[in-house]
Each structure stands twice: as structure tokens, then as C-alpha cells.
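Input: a single structure, listed below in C-alpha cells.
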Amino acid sequence: MAEDRRTVGLHDGSRMPSVALGTWKAEKDKVGEAVAAALEFGYRHIDCAAIYGNEAEVGEVLDKAIRSGTVKREDLFITTKLWNSEHCHARVKPALEKSLQRLKLDYVDLYLMHWPIALNEDNSFDTETHFLETWKAMEELVDQGLVRHIGLSNFNQEQVGEVIAASRVHPAALQVECHPYLAQRELVDYCLQNRVQVMCYCPLARAGFPRPDRPGNLLEHPSVVDIAKRNNATPAQVLLRFQLERGITVIPKSISPARIKENIDVFRFELSDDDIVLLDAIDQGWRVLLNERDQDHPLFPFPPGKP
């Protein structure tokens, strides 16, 4: 019988739903419908961010669902993120309060620092504000009951270690790109060993994202297709289940009700050891999101050779 893996444990003993609906690049006039469909199909984890520009529409749906009794607030796990221009200590709480207002919530379950890079309001580099200053301000949000957990996004292993060493409130999670083309084994192992839950975005490697150096459409990779056939699953379900088997939370993004339903139907099968070996062999260290705009920032997390 397949191991369920519907939730994962966090460092404090609380639980996080292991499949979240992603809202990055979800159009403003469609994201609400996607969230409503996700709630109907059993999702209880929604992943948001201030910079996505759609928190208000997500909030309208969440508020309606809670008020109607469709879901209880305590059964939801809502993640959102602090943007780079709000890193200085004095701006962190107001930024969260704006997110809470848009989401129509009194608290979020997880608040992530979106990048280790601080920017000024004009998007120029702020090289004076270090992410450890930002982290201390985020810790105060936990003290005030405005967030249940705090964490990181797009940090490398060394930077995660810096936060752990300096933290009063342990980082609950790290959200990073992860899929078979970019397995991130060293980073994942480090985080899980240090009680930091890994959450992966782009778990399907954004099949429709054009890049001349793309190794190929991961959904059409022969190993993925073969494993899908043997498990009576779709290639997307195989890729999502692969991360769940590794203990990683997945954040598939879709606005299609059919795809949203498909993406959470991953608890009826498990992958064999041979399946895992085949998927592990696909790794090429290939990253979808390069963030070339910020590569010259001194805290840029993805220079060559950094896990």
C-alpha cells in the first residue's frame, strides 16, 4: 500500500500539507477560480507572494470559503513571501500587514524571505541590508502572532546555514527550484538534516518555458513516460510523487481545473527503488530560473558551484 505523505512534519511538530497550489504567474482574473477549484479538490495549502500581484484575489476566495464553512481557517496552510524591496527592519512588518490585508487573514502559516537579495524601491541593489537583519524582523512577527512559521526562499546552503546559526526562531522551510533536471541533492540533504523542510517550485521544470539550452521537455522524457505507464499515472504525477518520496513539499501551478485535480491525485501509488534510480539519473544541474538581473549582487545565491 502506498505511503500517504499528505503532510510533512515541521521542526516544531506541526504539519504542513505536502502539495500546495502555486500562484506564481497565475493571471489576476483566473487565480481566484484556480484557488476555488483547488479547495474543492482537497488542497489546503496555497502558496502566494506579494510580488505575484494576486494576493487580493486569492484572499477573496479564501475569505468566502471560510465564511461559508467550506473550509476552516485552522485547516488551511497559507504561505506568502516578503519581497526584496522590504528587507530593512522597519519595512518588514508593514509589508506583512499589507499581505494580510490583501489575503483577508489575521495570520499566515508561513512567511518566507523571497530572496537573500535586498533591493531599494527603484530596484537598485541595497548592499547595506543583510538578510540576517531581515530575519530578526521576521522573528518579531512570530512573537506578535502574525505568522506561525518563518522561512527562506532561493537561499543557497551556505546562506541557510548562516540563518540557522544566527536564528532565535528556527527557519521552518526553504523554498527552491527542484525537479529531476535540478535535483539539489546536497542542499536538500543539508536542510532535512537540519530540520528545515524543503518546498520545491517548478517541480515539472516549466515544460512550456522556452530556453535554448533546455535539455528537453521533462514530461516527455522516456524514463518519466515509462514510469508513468507502469504506475497508471501521468508524467506530471510521477514528477510530483518523486519529490514527495524525497520528503519534499511540491508546489505545482495551474489554472486548469483538470490539471489542478490531477496534481493532487498523487497519493494512490508510490515509486519503486528502480523508479527512483531512473529519475535520479536525469539530473543535469539545469536551472529554469536564472534571475540574471541580480547576478552581480554580492548576496546572489546561485553562482556556479554553490549548492
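Chains: A, B, ... in order of the C-alpha cells. Residues: from 1 per chain. Ligands: from 1, in order shown.
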Next on the checklist: I need the strand (DSSP E or B) residues of stretch 53-115 of chain A per DSSP on the backbone, written as a PyMOL selection string.
Outcome noted: chain A and resi 77-82+108-113
Closest pair table for stretch 41-111 of chain A residues within 12 Å of stretch 188-208 of chain A, only C-alpha atoms, as JSON lines:
```
{"residue": "A:His45", "atom": "CA", "partner": "A:Met199", "partner_atom": "CA", "distance": 11.7}
{"residue": "A:Asp47", "atom": "CA", "partner": "A:Tyr201", "partner_atom": "CA", "distance": 9.8}
{"residue": "A:Cys48", "atom": "CA", "partner": "A:Tyr201", "partner_atom": "CA", "distance": 11.7}
{"residue": "A:Thr79", "atom": "CA", "partner": "A:Met199", "partner_atom": "CA", "distance": 10.9}
{"residue": "A:Leu110", "atom": "CA", "partner": "A:Gln197", "partner_atom": "CA", "distance": 11.5}
```
Item to check | Pick from A:Leu218, A:Asn120, A:Gly145, A:Leu39, whichever lies nearest to A:Lys72 using only C-alpha atoms | outcome: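 Of the candidates, the smallest distance to A:Lys72 is held by A:Leu39.
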Checklist entry - Which is closest to A:Asp283 among A:Val250, A:Leu244, A:Ala183, A:Val238, if we use only C-alpha atoms? => result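 Answer, going by the shortest atom-to-atom distance: A:Ala183.
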Can you tell me which residues surround A:Arg73 at a distance of at most 9 Å, considering only C-alpha atoms, apart from same-chain residues fewer than 6 positions away, and format the answer as a PDB file with N, CA, C and O atoms, in the first residue's frame?
```pdb
ATOM      1  N   LEU A  62     -10.406  32.834  -0.344  1.00  0.00           N
ATOM      2  CA  LEU A  62     -10.198  32.252   0.982  1.00  0.00           C
ATOM      3  C   LEU A  62     -11.252  32.750   1.965  1.00  0.00           C
ATOM      4  O   LEU A  62     -11.829  31.961   2.731  1.00  0.00           O
ATOM      5  N   ILE A  66     -13.977  30.402   3.895  1.00  0.00           N
ATOM      6  CA  ILE A  66     -14.001  30.319   5.367  1.00  0.00           C
ATOM      7  C   ILE A  66     -15.360  30.754   5.903  1.00  0.00           C
ATOM      8  O   ILE A  66     -15.956  30.088   6.764  1.00  0.00           O
ATOM      9  N   LEU A 105      -6.640  37.811   6.088  1.00  0.00           N
ATOM     10  CA  LEU A 105      -6.270  36.874   7.146  1.00  0.00           C
ATOM     11  C   LEU A 105      -5.695  37.628   8.343  1.00  0.00           C
ATOM     12  O   LEU A 105      -5.147  38.724   8.191  1.00  0.00           O
TER      13      LEU A 105
END
```
Next on the checklist: My list of candidates is A:Gly53, A:Gly32, A:Pro301, A:Pro210. Which is closest to A:Pro257 when distances are computed with only C-alpha atoms?
Outcome noted: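 Under the stated criterion, the closest residue is A:Gly32.
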Excluding same-chain residues fewer than 2 positions from stretch 151-153 of chain A, what lies within 6 Å of it counting only C-alpha atoms, as a short mmCIF file (atom, residue, chain, number, x, y, z; two decimals) with N, CA and C atoms, in the first residue's frame?
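The resulting file, around.cif, is shown below:
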```
data_model
loop_
_atom_site.label_atom_id
_atom_site.label_comp_id
_atom_site.auth_asym_id
_atom_site.auth_seq_id
_atom_site.Cartn_x
_atom_site.Cartn_y
_atom_site.Cartn_z
N LEU A 112 7.92 33.63 4.10
CA LEU A 112 9.25 33.37 3.57
C LEU A 112 9.92 34.66 3.12
N MET A 113 11.22 34.75 3.33
CA MET A 113 12.03 35.79 2.71
C MET A 113 12.27 35.34 1.27
N HIS A 114 11.74 36.08 0.31
CA HIS A 114 11.66 35.59 -1.07
C HIS A 114 13.04 35.36 -1.69
N TRP A 115 13.98 36.23 -1.40
CA TRP A 115 15.37 36.11 -1.87
C TRP A 115 16.29 36.66 -0.79
N PHE A 155 17.60 30.63 -1.21
CA PHE A 155 18.87 30.75 -0.48
C PHE A 155 19.73 29.54 -0.83
N PRO A 171 14.39 28.47 11.17
CA PRO A 171 13.70 28.51 9.87
C PRO A 171 12.93 27.22 9.63
N ALA A 172 11.64 27.35 9.34
CA ALA A 172 10.79 26.17 9.17
C ALA A 172 10.97 25.54 7.81
N ALA A 173 11.29 26.35 6.80
CA ALA A 173 11.28 25.81 5.44
C ALA A 173 12.20 26.62 4.53
N LEU A 174 12.62 25.97 3.45
CA LEU A 174 13.34 26.61 2.36
C LEU A 174 12.62 26.25 1.07
N GLN A 175 12.21 27.25 0.31
CA GLN A 175 11.57 27.02 -0.97
C GLN A 175 12.57 27.30 -2.09
N VAL A 176 12.77 26.29 -2.95
CA VAL A 176 13.74 26.42 -4.04
C VAL A 176 13.21 25.68 -5.27
#
```
Item to check | All residues 7 Å or closer to stretch 100-104 of chain A, only C-alpha atoms, same chain fewer than 4 positions away omitted, as a list in words | outcome: Glu55, Ala56, Val58, Gly59, Asp63 and Leu96 of chain A
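Minimum atom-to-atom distance to A:Gly216, evaluated using only C-alpha atoms, belongs to A:Val288 out of A:Leu76, A:Ala49, A:Val92, A:Val288.
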Checklist entry - Of the candidates A:Lys81, A:His11, A:Arg230, A:Lys253, which shows the shortest atom-to-atom distance to A:Thr23, using only C-alpha atoms? => result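 When distances to A:Thr23 are compared using only C-alpha atoms, the smallest one comes from A:Lys253.
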Item to check | Which of A:Gly22, A:Pro215, A:Pro252, A:Pro180 sits closest to A:Leu278 [using only C-alpha atoms] | outcome: A:Pro180
Checklist entry - What is the atom CA of A:Thr134 to atom CA of A:Pro307 distance in Å? => result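 Separation of atom CA of A:Thr134 and atom CA of A:Pro307: 22.2 Å.
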Item to check | Spatial neighbours of A:Asp273, 12 Å, only C-alpha atoms, chain gap at least 3 places, as a list in words | outcome: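 Using only C-alpha atoms, the neighbours found are Ile227, Phe242, Glu245, Arg246, Glu270, Ile276, Val277, Leu278, Leu279 and Asp280 of chain A.
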Next on the checklist: Residues within 12 Å of A:Asn263, please, as an MDAnalysis selection string. Count only C-alpha atoms; anything in the same chain fewer than 6 positions from it doesn't count.
Outcome noted: chainID A and resid 18:22 38 41:43 203:204 233:241 250:257
